[in-house]
Amino acid sequence: MQKFWPGPLTIILPIKKEGNKISKYVTCGMQTVGVRMPSHPIARAIISGAQLPIAAPSANKSGKPSPTAAAHVVEDLSTKISGVVDGGSTGIGLESTVVDCSEAAAAEEQGKIDESQRVVILRPGGVTIEMLKDAVGEKNVSVDPGLKGEEKALKPKSPGMLYTHYAPNAPFVLIQGSKDFFEKTVKDARAEKKKVGVLITEDLKIDGADHVETLARDDKDLETASRKLYGALRAFDQTEVEIIYAPLLGSSGIGAALANRMRKAAGNSVLTE
């Protein structure tokens, strides 16, 4: 908390068995709760004015791309809400990192903490894996099996751990391979009379698509790609494309979070050359 708050880090903590004042509607009957302190001055002012914790679910339809601008919230929820507090576009563009510290916190309260108690990453985000390891020690940070391709066998512990999440209306497919392979994939889809969308970087010129959205200058500009991802996915929903192709971007740092969101949006659908 001292290192990363206020900021994009959600911490899962155990609920006290006695004297608990947290509503069951917030915890969904679970024995843990996710806590975060945002850095945005407007959010901080609302919390300060409320003088108590605020339950704040994400402002989008479940499973759809997260909102990164007020217009996205209106698009999803205009018939369900009374208004929107517009604080401008989001900074990082991806949701907070979620870490499960519930077992470690419970053990510490009982005076039993040991090296087996870890910070477990449930969802990568703006606070990267590398940053967490630097803060608390590499041996004290682990990754939930749900982030290692085993999620089908697990009950989701956090938003975004569903097998398909952040998805546009049209099927979203990731491409791992050469530019020629990418263009052949687009050509084959067009041959099937499909309207094709591509989500690419500016330096990757793909011919034959019906609609193109760009994320960044190149595959090294991952911060820009992260900020633009959800807006780009939502933009496809305003078109008539029937399938969307994109190269899989990122692997470490903020790129790990970007790759995670792209895989979730695609339902882990990846075409490999």
# chains A, B, ... in the order shown; residues from 1 in each chain; ligands from 1
call {"tool": "residues_around", "arguments": {"residues": "Arg36 (chain A)", "least_positions_apart": "3", "cutoff": "9 Å", "atoms": "only C-alpha atoms", "output": "PDB file with C-alpha atoms, in the first residue's frame"}}
result
ATOM      1  CA  TRP A   5      -1.290   3.605  -3.330  1.00  0.00           C
ATOM      2  CA  PRO A   6      -2.924   5.737  -4.518  1.00  0.00           C
ATOM      3  CA  GLY A   7      -2.692   3.943  -7.836  1.00  0.00           C
ATOM      4  CA  PRO A   8      -3.860   1.050 -10.030  1.00  0.00           C
ATOM      5  CA  LEU A   9      -3.556  -1.772  -7.489  1.00  0.00           C
ATOM      6  CA  THR A  10      -6.509  -3.708  -6.043  1.00  0.00           C
ATOM      7  CA  ILE A  11      -5.712  -5.795  -2.967  1.00  0.00           C
ATOM      8  CA  SER A  96      -5.851  -2.178 -12.059  1.00  0.00           C
TER       9      SER A  96
END
call {"tool": "residues_around", "arguments": {"residues": "Gly34 (chain A)", "least_positions_apart": "4", "cutoff": "12 Å", "atoms": "only C-alpha atoms", "output": "compact mmCIF listing (two decimals) with N, CA, C and O atoms, in the first residue's frame"}}
result
# COMPACT_ATOMS: atom_id res chain seq x y z
N LEU A 9 -3.78 -0.49 -8.15
CA LEU A 9 -3.56 -1.77 -7.49
C LEU A 9 -4.74 -2.10 -6.60
O LEU A 9 -5.06 -1.34 -5.67
N THR A 10 -5.41 -3.21 -6.88
CA THR A 10 -6.51 -3.71 -6.04
C THR A 10 -5.98 -4.86 -5.20
O THR A 10 -5.38 -5.80 -5.73
N ILE A 11 -6.23 -4.79 -3.90
CA ILE A 11 -5.71 -5.80 -2.97
C ILE A 11 -6.88 -6.58 -2.38
O ILE A 11 -7.81 -6.00 -1.81
N ILE A 12 -6.85 -7.90 -2.54
CA ILE A 12 -7.86 -8.77 -1.96
C ILE A 12 -7.46 -9.08 -0.52
O ILE A 12 -6.37 -9.63 -0.27
N LEU A 13 -8.34 -8.76 0.42
CA LEU A 13 -8.06 -8.95 1.84
C LEU A 13 -9.18 -9.74 2.51
O LEU A 13 -10.33 -9.71 2.04
N PRO A 14 -8.89 -10.43 3.61
CA PRO A 14 -9.95 -11.17 4.31
C PRO A 14 -10.86 -10.24 5.10
O PRO A 14 -10.43 -9.18 5.56
N ILE A 15 -12.10 -10.63 5.24
CA ILE A 15 -13.06 -9.88 6.04
C ILE A 15 -12.99 -10.36 7.48
O ILE A 15 -12.89 -11.56 7.75
N ILE A 22 -19.03 -4.67 6.24
CA ILE A 22 -19.09 -4.69 4.78
C ILE A 22 -20.33 -5.46 4.33
O ILE A 22 -20.55 -6.59 4.75
N VAL A 26 -21.67 -6.43 -1.46
CA VAL A 26 -20.35 -6.06 -1.95
C VAL A 26 -19.47 -7.30 -2.10
O VAL A 26 -18.73 -7.44 -3.07
N THR A 27 -19.58 -8.21 -1.16
CA THR A 27 -18.70 -9.39 -1.14
C THR A 27 -19.28 -10.59 -1.87
O THR A 27 -18.57 -11.57 -2.09
N CYS A 28 -20.57 -10.51 -2.25
CA CYS A 28 -21.24 -11.66 -2.91
C CYS A 28 -21.13 -12.92 -2.06
O CYS A 28 -21.00 -14.03 -2.60
N MET A 30 -18.71 -13.88 -0.24
CA MET A 30 -17.34 -14.38 -0.05
C MET A 30 -16.74 -13.83 1.23
O MET A 30 -17.26 -12.88 1.82
N PRO A 53 -16.13 4.12 2.72
CA PRO A 53 -15.73 3.41 1.50
C PRO A 53 -16.87 3.39 0.48
O PRO A 53 -18.04 3.38 0.85
N ILE A 54 -16.50 3.36 -0.79
CA ILE A 54 -17.48 3.35 -1.88
C ILE A 54 -17.36 2.03 -2.65
O ILE A 54 -16.26 1.62 -3.03
N ALA A 55 -18.49 1.37 -2.86
CA ALA A 55 -18.51 0.17 -3.70
C ALA A 55 -18.60 0.64 -5.15
O ALA A 55 -19.57 1.30 -5.54
N ALA A 56 -17.59 0.31 -5.96
CA ALA A 56 -17.51 0.86 -7.32
C ALA A 56 -17.20 -0.22 -8.34
O ALA A 56 -16.04 -0.46 -8.68
N PRO A 57 -18.23 -0.90 -8.85
CA PRO A 57 -17.99 -1.87 -9.92
C PRO A 57 -17.64 -1.15 -11.21
O PRO A 57 -17.87 0.05 -11.35
N SER A 96 -6.87 -2.04 -13.09
CA SER A 96 -5.85 -2.18 -12.06
C SER A 96 -5.32 -3.60 -11.98
O SER A 96 -5.98 -4.57 -12.35
N THR A 97 -4.11 -3.71 -11.49
CA THR A 97 -3.57 -5.01 -11.11
C THR A 97 -4.34 -5.50 -9.89
O THR A 97 -4.64 -4.72 -8.98
N VAL A 98 -4.70 -6.79 -9.87
CA VAL A 98 -5.39 -7.37 -8.72
C VAL A 98 -4.47 -8.40 -8.08
O VAL A 98 -3.99 -9.32 -8.76
N VAL A 99 -4.21 -8.24 -6.78
CA VAL A 99 -3.39 -9.21 -6.06
C VAL A 99 -4.17 -9.75 -4.88
O VAL A 99 -4.89 -9.01 -4.20
N ASP A 100 -4.03 -11.04 -4.64
CA ASP A 100 -4.70 -11.70 -3.52
C ASP A 100 -3.71 -11.80 -2.36
O ASP A 100 -2.72 -12.53 -2.44
N CYS A 101 -3.97 -11.03 -1.31
CA CYS A 101 -3.14 -11.08 -0.10
C CYS A 101 -3.93 -11.64 1.07
O CYS A 101 -3.52 -11.49 2.23
N SER A 102 -5.06 -12.27 0.80
CA SER A 102 -5.96 -12.69 1.87
C SER A 102 -5.34 -13.76 2.77
O SER A 102 -5.45 -13.69 3.99
N LEU A 122 -3.72 -12.01 -9.53
CA LEU A 122 -4.91 -12.55 -10.18
C LEU A 122 -5.16 -11.91 -11.54
O LEU A 122 -5.73 -12.53 -12.43
N LYS A 157 -11.57 -15.78 -9.48
CA LYS A 157 -11.43 -15.11 -8.19
C LYS A 157 -11.53 -13.60 -8.33
O LYS A 157 -11.58 -12.89 -7.33
N SER A 158 -11.48 -13.11 -9.57
CA SER A 158 -11.42 -11.67 -9.79
C SER A 158 -12.05 -11.32 -11.13
O SER A 158 -12.06 -12.15 -12.04
N PRO A 159 -12.60 -10.09 -11.26
CA PRO A 159 -13.10 -9.65 -12.56
C PRO A 159 -12.01 -9.77 -13.63
O PRO A 159 -10.85 -9.48 -13.37
call {"tool": "residues_around", "arguments": {"residues": "region 67-84 of chain A", "least_positions_apart": "6", "cutoff": "9 Å", "atoms": "only C-alpha atoms", "output": "MDAnalysis selection string"}}
result
chainID A and resid 58:61 90:91 93:94 227:228 230:231 234
call {"tool": "select_by_dssp", "arguments": {"residues": "region 32-153 of chain A", "states": "alpha helix (DSSP H)", "output": "PyMOL selection string"}}
result
chain A and resi 41-50+70-77+102-109+129-136
call {"tool": "closest_residue", "arguments": {"among": "A:Gly87, A:Gly255, A:Gly137, A:Gly177", "to": "Val270 (chain A)", "atoms": "only C-alpha atoms"}}
result
A:Gly177
call {"tool": "residues_around", "arguments": {"residues": "Glu240 (chain A)", "least_positions_apart": "6", "cutoff": "10 Å", "atoms": "only C-alpha atoms", "output": "JSON, numbers by chain"}}
result
{"A": [170, 194, 195, 196, 197, 210, 211]}
call {"tool": "write_last_selection", "arguments": {"atoms": "all heavy atoms", "output": "compact mmCIF listing (two decimals), in the first residue's frame"}}
result
# COMPACT_ATOMS: atom_id res chain seq x y z
N ALA A 170 -17.94 -8.73 -32.72
CA ALA A 170 -17.45 -9.69 -33.72
C ALA A 170 -16.38 -10.59 -33.11
O ALA A 170 -15.67 -10.18 -32.18
CB ALA A 170 -16.87 -8.95 -34.91
N LYS A 194 -16.63 -12.61 -45.88
CA LYS A 194 -16.71 -11.96 -44.57
C LYS A 194 -16.13 -10.55 -44.64
O LYS A 194 -15.17 -10.30 -45.36
CB LYS A 194 -15.93 -12.77 -43.53
CG LYS A 194 -16.54 -14.11 -43.17
CD LYS A 194 -15.71 -14.81 -42.11
CE LYS A 194 -16.32 -16.15 -41.73
NZ LYS A 194 -15.50 -16.86 -40.72
N LYS A 195 -16.73 -9.65 -43.88
CA LYS A 195 -16.17 -8.32 -43.73
C LYS A 195 -15.15 -8.36 -42.59
O LYS A 195 -15.50 -8.76 -41.47
CB LYS A 195 -17.27 -7.30 -43.44
CG LYS A 195 -18.21 -7.10 -44.63
CD LYS A 195 -19.21 -6.00 -44.39
CE LYS A 195 -20.10 -5.78 -45.61
NZ LYS A 195 -21.09 -4.70 -45.41
N VAL A 196 -13.93 -7.95 -42.91
CA VAL A 196 -12.81 -8.18 -42.00
C VAL A 196 -12.30 -6.87 -41.41
O VAL A 196 -12.10 -5.88 -42.11
CB VAL A 196 -11.65 -8.89 -42.74
CG1 VAL A 196 -10.46 -9.09 -41.81
CG2 VAL A 196 -12.14 -10.22 -43.31
N GLY A 197 -12.07 -6.90 -40.11
CA GLY A 197 -11.42 -5.79 -39.43
C GLY A 197 -10.05 -6.23 -38.95
O GLY A 197 -9.85 -7.41 -38.61
N ASP A 210 -11.47 -4.57 -44.45
CA ASP A 210 -12.58 -3.64 -44.65
C ASP A 210 -12.52 -2.48 -43.66
O ASP A 210 -13.00 -1.39 -43.95
CB ASP A 210 -13.91 -4.37 -44.48
CG ASP A 210 -14.12 -5.41 -45.56
OD1 ASP A 210 -14.46 -5.03 -46.69
OD2 ASP A 210 -13.93 -6.61 -45.27
N HIS A 211 -11.94 -2.72 -42.49
CA HIS A 211 -11.83 -1.65 -41.50
C HIS A 211 -10.54 -1.86 -40.70
O HIS A 211 -10.22 -2.98 -40.30
CB HIS A 211 -13.03 -1.66 -40.56
CG HIS A 211 -13.04 -0.50 -39.60
ND1 HIS A 211 -13.49 0.75 -39.94
CD2 HIS A 211 -12.61 -0.41 -38.31
CE1 HIS A 211 -13.36 1.56 -38.90
NE2 HIS A 211 -12.82 0.89 -37.91
call {"tool": "closest_residue", "arguments": {"among": "A:Glu213, A:Leu271, A:Asp180, A:Ser251", "to": "Pro124 (chain A)", "atoms": "only C-alpha atoms"}}
result
A:Ser251
call {"tool": "closest_residue", "arguments": {"among": "A:Ile254, A:Ile243, A:Tyr166, A:Leu174", "to": "Asp188 (chain A)", "atoms": "only C-alpha atoms"}}
result
A:Ile243
call {"tool": "closest_residue", "arguments": {"among": "A:Met37, A:Pro247, A:Ser66, A:Ser226", "to": "Ser178 (chain A)", "atoms": "only C-alpha atoms"}}
result
A:Pro247
call {"tool": "select_by_dssp", "arguments": {"residues": "region 87-269 of chain A", "states": "strand (DSSP E or B)", "output": "short mmCIF file (atom, residue, chain, number, x, y, z; two decimals) with all heavy atoms, in the first residue's frame"}}
result
data_model
loop_
_atom_site.label_atom_id
_atom_site.label_comp_id
_atom_site.auth_asym_id
_atom_site.auth_seq_id
_atom_site.Cartn_x
_atom_site.Cartn_y
_atom_site.Cartn_z
N THR A 97 -4.11 -3.71 -11.49
CA THR A 97 -3.57 -5.01 -11.11
C THR A 97 -4.34 -5.50 -9.89
O THR A 97 -4.64 -4.72 -8.98
CB THR A 97 -2.08 -4.88 -10.74
OG1 THR A 97 -1.36 -4.36 -11.86
CG2 THR A 97 -1.48 -6.22 -10.33
N VAL A 98 -4.70 -6.79 -9.87
CA VAL A 98 -5.39 -7.37 -8.72
C VAL A 98 -4.47 -8.40 -8.08
O VAL A 98 -3.99 -9.32 -8.76
CB VAL A 98 -6.72 -8.04 -9.11
CG1 VAL A 98 -7.39 -8.66 -7.88
CG2 VAL A 98 -7.66 -7.02 -9.75
N VAL A 99 -4.21 -8.24 -6.78
CA VAL A 99 -3.39 -9.21 -6.06
C VAL A 99 -4.17 -9.75 -4.88
O VAL A 99 -4.89 -9.01 -4.20
CB VAL A 99 -2.06 -8.60 -5.59
CG1 VAL A 99 -1.20 -8.19 -6.77
CG2 VAL A 99 -2.27 -7.40 -4.67
N ASP A 100 -4.03 -11.04 -4.64
CA ASP A 100 -4.70 -11.70 -3.52
C ASP A 100 -3.71 -11.80 -2.36
O ASP A 100 -2.72 -12.53 -2.44
CB ASP A 100 -5.17 -13.09 -3.95
CG ASP A 100 -6.00 -13.77 -2.86
OD1 ASP A 100 -6.09 -13.23 -1.74
OD2 ASP A 100 -6.54 -14.86 -3.13
N VAL A 119 2.12 -12.86 -2.28
CA VAL A 119 1.24 -11.97 -3.03
C VAL A 119 0.91 -12.69 -4.33
O VAL A 119 1.81 -12.97 -5.13
CB VAL A 119 1.96 -10.63 -3.32
CG1 VAL A 119 1.11 -9.76 -4.24
CG2 VAL A 119 2.28 -9.89 -2.02
N VAL A 120 -0.34 -13.03 -4.52
CA VAL A 120 -0.74 -13.81 -5.69
C VAL A 120 -1.40 -12.88 -6.71
O VAL A 120 -2.41 -12.25 -6.41
CB VAL A 120 -1.70 -14.94 -5.31
CG1 VAL A 120 -2.06 -15.77 -6.56
CG2 VAL A 120 -1.09 -15.83 -4.24
N ILE A 121 -0.83 -12.80 -7.89
CA ILE A 121 -1.37 -11.93 -8.94
C ILE A 121 -2.54 -12.63 -9.62
O ILE A 121 -2.39 -13.71 -10.20
CB ILE A 121 -0.29 -11.58 -9.97
CG1 ILE A 121 0.86 -10.82 -9.28
CG2 ILE A 121 -0.88 -10.73 -11.10
CD1 ILE A 121 2.06 -10.59 -10.18
N LEU A 122 -3.72 -12.01 -9.53
CA LEU A 122 -4.91 -12.55 -10.18
C LEU A 122 -5.16 -11.91 -11.54
O LEU A 122 -5.73 -12.53 -12.43
CB LEU A 122 -6.15 -12.33 -9.30
CG LEU A 122 -6.11 -12.92 -7.89
CD1 LEU A 122 -7.46 -12.69 -7.21
CD2 LEU A 122 -5.77 -14.40 -7.92
N ARG A 123 -4.74 -10.65 -11.66
CA ARG A 123 -4.91 -9.93 -12.92
C ARG A 123 -3.77 -8.93 -13.09
O ARG A 123 -3.58 -8.06 -12.25
CB ARG A 123 -6.25 -9.18 -12.92
CG ARG A 123 -6.55 -8.43 -14.22
CD ARG A 123 -7.90 -7.74 -14.17
NE ARG A 123 -7.91 -6.58 -13.27
CZ ARG A 123 -9.01 -5.88 -12.97
NH1 ARG A 123 -10.17 -6.24 -13.47
NH2 ARG A 123 -8.93 -4.85 -12.16
N VAL A 141 6.16 -13.25 -4.57
CA VAL A 141 5.16 -12.96 -5.61
C VAL A 141 4.95 -14.20 -6.46
O VAL A 141 5.92 -14.80 -6.96
CB VAL A 141 5.61 -11.79 -6.50
CG1 VAL A 141 4.59 -11.53 -7.61
CG2 VAL A 141 5.82 -10.52 -5.67
N SER A 142 3.71 -14.61 -6.62
CA SER A 142 3.39 -15.72 -7.51
C SER A 142 2.22 -15.34 -8.40
O SER A 142 1.55 -14.33 -8.17
CB SER A 142 3.04 -16.98 -6.70
OG SER A 142 1.89 -16.77 -5.91
N VAL A 143 2.00 -16.13 -9.42
CA VAL A 143 0.93 -15.87 -10.40
C VAL A 143 -0.13 -16.94 -10.27
O VAL A 143 0.18 -18.14 -10.21
CB VAL A 143 1.51 -15.84 -11.83
CG1 VAL A 143 0.39 -15.66 -12.85
CG2 VAL A 143 2.53 -14.72 -11.97
N PHE A 172 -12.97 -12.12 -32.27
CA PHE A 172 -11.66 -11.48 -32.24
C PHE A 172 -10.61 -12.57 -32.20
O PHE A 172 -10.63 -13.43 -31.31
CB PHE A 172 -11.58 -10.58 -31.00
CG PHE A 172 -10.28 -9.81 -30.86
CD1 PHE A 172 -9.81 -9.00 -31.89
CD2 PHE A 172 -9.55 -9.88 -29.69
CE1 PHE A 172 -8.63 -8.28 -31.75
CE2 PHE A 172 -8.38 -9.17 -29.53
CZ PHE A 172 -7.92 -8.37 -30.56
N VAL A 173 -9.71 -12.59 -33.17
CA VAL A 173 -8.74 -13.67 -33.32
C VAL A 173 -7.32 -13.08 -33.35
O VAL A 173 -7.05 -12.13 -34.10
CB VAL A 173 -8.99 -14.49 -34.60
CG1 VAL A 173 -7.97 -15.62 -34.73
CG2 VAL A 173 -10.41 -15.05 -34.60
N LEU A 174 -6.43 -13.66 -32.58
CA LEU A 174 -5.04 -13.20 -32.54
C LEU A 174 -4.20 -13.97 -33.54
O LEU A 174 -4.42 -15.17 -33.77
CB LEU A 174 -4.48 -13.37 -31.14
CG LEU A 174 -5.19 -12.56 -30.05
CD1 LEU A 174 -4.67 -12.94 -28.68
CD2 LEU A 174 -5.05 -11.07 -30.31
N ILE A 175 -3.23 -13.29 -34.12
CA ILE A 175 -2.35 -13.89 -35.13
C ILE A 175 -0.92 -13.91 -34.61
O ILE A 175 -0.39 -12.90 -34.15
CB ILE A 175 -2.38 -13.08 -36.44
CG1 ILE A 175 -3.81 -12.96 -36.98
CG2 ILE A 175 -1.45 -13.70 -37.48
CD1 ILE A 175 -4.39 -14.26 -37.46
N GLN A 176 -0.30 -15.08 -34.65
CA GLN A 176 1.12 -15.21 -34.35
C GLN A 176 1.81 -15.77 -35.58
O GLN A 176 1.65 -16.94 -35.93
CB GLN A 176 1.34 -16.14 -33.14
CG GLN A 176 0.98 -15.49 -31.82
CD GLN A 176 1.41 -16.32 -30.63
OE1 GLN A 176 1.18 -17.52 -30.58
NE2 GLN A 176 2.04 -15.67 -29.65
N VAL A 196 -13.93 -7.95 -42.91
CA VAL A 196 -12.81 -8.18 -42.00
C VAL A 196 -12.30 -6.87 -41.41
O VAL A 196 -12.10 -5.88 -42.11
CB VAL A 196 -11.65 -8.89 -42.74
CG1 VAL A 196 -10.46 -9.09 -41.81
CG2 VAL A 196 -12.14 -10.22 -43.31
N GLY A 197 -12.07 -6.90 -40.11
CA GLY A 197 -11.42 -5.79 -39.43
C GLY A 197 -10.05 -6.23 -38.95
O GLY A 197 -9.85 -7.41 -38.61
N VAL A 198 -9.08 -5.32 -38.95
CA VAL A 198 -7.75 -5.63 -38.39
C VAL A 198 -7.37 -4.56 -37.37
O VAL A 198 -7.61 -3.37 -37.57
CB VAL A 198 -6.66 -5.75 -39.48
CG1 VAL A 198 -6.94 -6.93 -40.39
CG2 VAL A 198 -6.51 -4.46 -40.28
N LEU A 199 -6.79 -5.01 -36.28
CA LEU A 199 -6.31 -4.15 -35.22
C LEU A 199 -4.79 -4.28 -35.19
O LEU A 199 -4.26 -5.32 -34.78
CB LEU A 199 -6.92 -4.58 -33.88
CG LEU A 199 -6.50 -3.81 -32.63
CD1 LEU A 199 -6.88 -2.34 -32.75
CD2 LEU A 199 -7.15 -4.43 -31.39
N ILE A 200 -4.09 -3.24 -35.64
CA ILE A 200 -2.65 -3.38 -35.90
C ILE A 200 -1.89 -2.14 -35.42
O ILE A 200 -2.49 -1.15 -35.01
CB ILE A 200 -2.37 -3.59 -37.40
CG1 ILE A 200 -3.01 -2.45 -38.23
CG2 ILE A 200 -2.89 -4.94 -37.88
CD1 ILE A 200 -2.73 -2.52 -39.71
N HIS A 211 -11.94 -2.72 -42.49
CA HIS A 211 -11.83 -1.65 -41.50
C HIS A 211 -10.54 -1.86 -40.70
O HIS A 211 -10.22 -2.98 -40.30
CB HIS A 211 -13.03 -1.66 -40.56
CG HIS A 211 -13.04 -0.50 -39.60
ND1 HIS A 211 -13.49 0.75 -39.94
CD2 HIS A 211 -12.61 -0.41 -38.31
CE1 HIS A 211 -13.36 1.56 -38.90
NE2 HIS A 211 -12.82 0.89 -37.91
N VAL A 212 -9.82 -0.77 -40.46
CA VAL A 212 -8.54 -0.83 -39.76
C VAL A 212 -8.57 0.10 -38.55
O VAL A 212 -8.98 1.26 -38.65
CB VAL A 212 -7.37 -0.42 -40.68
CG1 VAL A 212 -6.05 -0.46 -39.91
CG2 VAL A 212 -7.31 -1.34 -41.90
N GLU A 213 -8.13 -0.42 -37.40
CA GLU A 213 -7.89 0.39 -36.21
C GLU A 213 -6.43 0.21 -35.82
O GLU A 213 -5.91 -0.92 -35.87
CB GLU A 213 -8.79 -0.04 -35.05
CG GLU A 213 -10.26 0.28 -35.23
CD GLU A 213 -10.56 1.76 -35.11
OE1 GLU A 213 -9.82 2.47 -34.41
OE2 GLU A 213 -11.56 2.21 -35.71
N THR A 214 -5.76 1.30 -35.45
CA THR A 214 -4.35 1.21 -35.06
C THR A 214 -4.20 1.47 -33.56
O THR A 214 -4.91 2.30 -32.98
CB THR A 214 -3.48 2.20 -35.83
OG1 THR A 214 -3.97 3.53 -35.62
CG2 THR A 214 -3.49 1.87 -37.32
N ILE A 243 -15.45 -10.32 -38.48
CA ILE A 243 -14.34 -10.95 -37.78
C ILE A 243 -13.21 -9.93 -37.68
O ILE A 243 -13.05 -9.09 -38.57
CB ILE A 243 -13.86 -12.25 -38.47
CG1 ILE A 243 -12.90 -13.02 -37.57
CG2 ILE A 243 -13.23 -11.95 -39.84
CD1 ILE A 243 -12.68 -14.46 -37.99
N ILE A 244 -12.45 -9.99 -36.57
CA ILE A 244 -11.36 -9.04 -36.34
C ILE A 244 -10.08 -9.83 -36.08
O ILE A 244 -10.07 -10.77 -35.28
CB ILE A 244 -11.65 -8.15 -35.11
CG1 ILE A 244 -13.01 -7.47 -35.26
CG2 ILE A 244 -10.54 -7.12 -34.92
CD1 ILE A 244 -13.54 -6.90 -33.95
N TYR A 245 -9.01 -9.43 -36.75
CA TYR A 245 -7.70 -10.06 -36.54
C TYR A 245 -6.72 -9.04 -35.96
O TYR A 245 -6.76 -7.85 -36.29
CB TYR A 245 -7.14 -10.60 -37.86
CG TYR A 245 -7.95 -11.71 -38.47
CD1 TYR A 245 -8.66 -11.52 -39.66
CD2 TYR A 245 -8.00 -12.97 -37.87
CE1 TYR A 245 -9.39 -12.54 -40.24
CE2 TYR A 245 -8.75 -13.99 -38.44
CZ TYR A 245 -9.43 -13.78 -39.61
OH TYR A 245 -10.17 -14.79 -40.17
N ALA A 246 -5.82 -9.52 -35.11
CA ALA A 246 -4.80 -8.64 -34.52
C ALA A 246 -3.58 -9.46 -34.16
O ALA A 246 -3.69 -10.64 -33.80
CB ALA A 246 -5.35 -7.96 -33.27
N PRO A 247 -2.39 -8.86 -34.24
CA PRO A 247 -1.19 -9.54 -33.74
C PRO A 247 -1.21 -9.51 -32.22
O PRO A 247 -1.69 -8.54 -31.61
CB PRO A 247 -0.05 -8.69 -34.30
CG PRO A 247 -0.63 -7.32 -34.41
CD PRO A 247 -2.08 -7.51 -34.77
#
call {"tool": "atom_distance", "arguments": {"atom1": "CA of Pro38 (chain A)", "atom2": "CA of Val127 (chain A)"}}
result
12.6 Å
call {"tool": "atom_distance", "arguments": {"atom1": "CA of Pro168 (chain A)", "atom2": "CA of Ser269 (chain A)"}}
result
13.5 Å
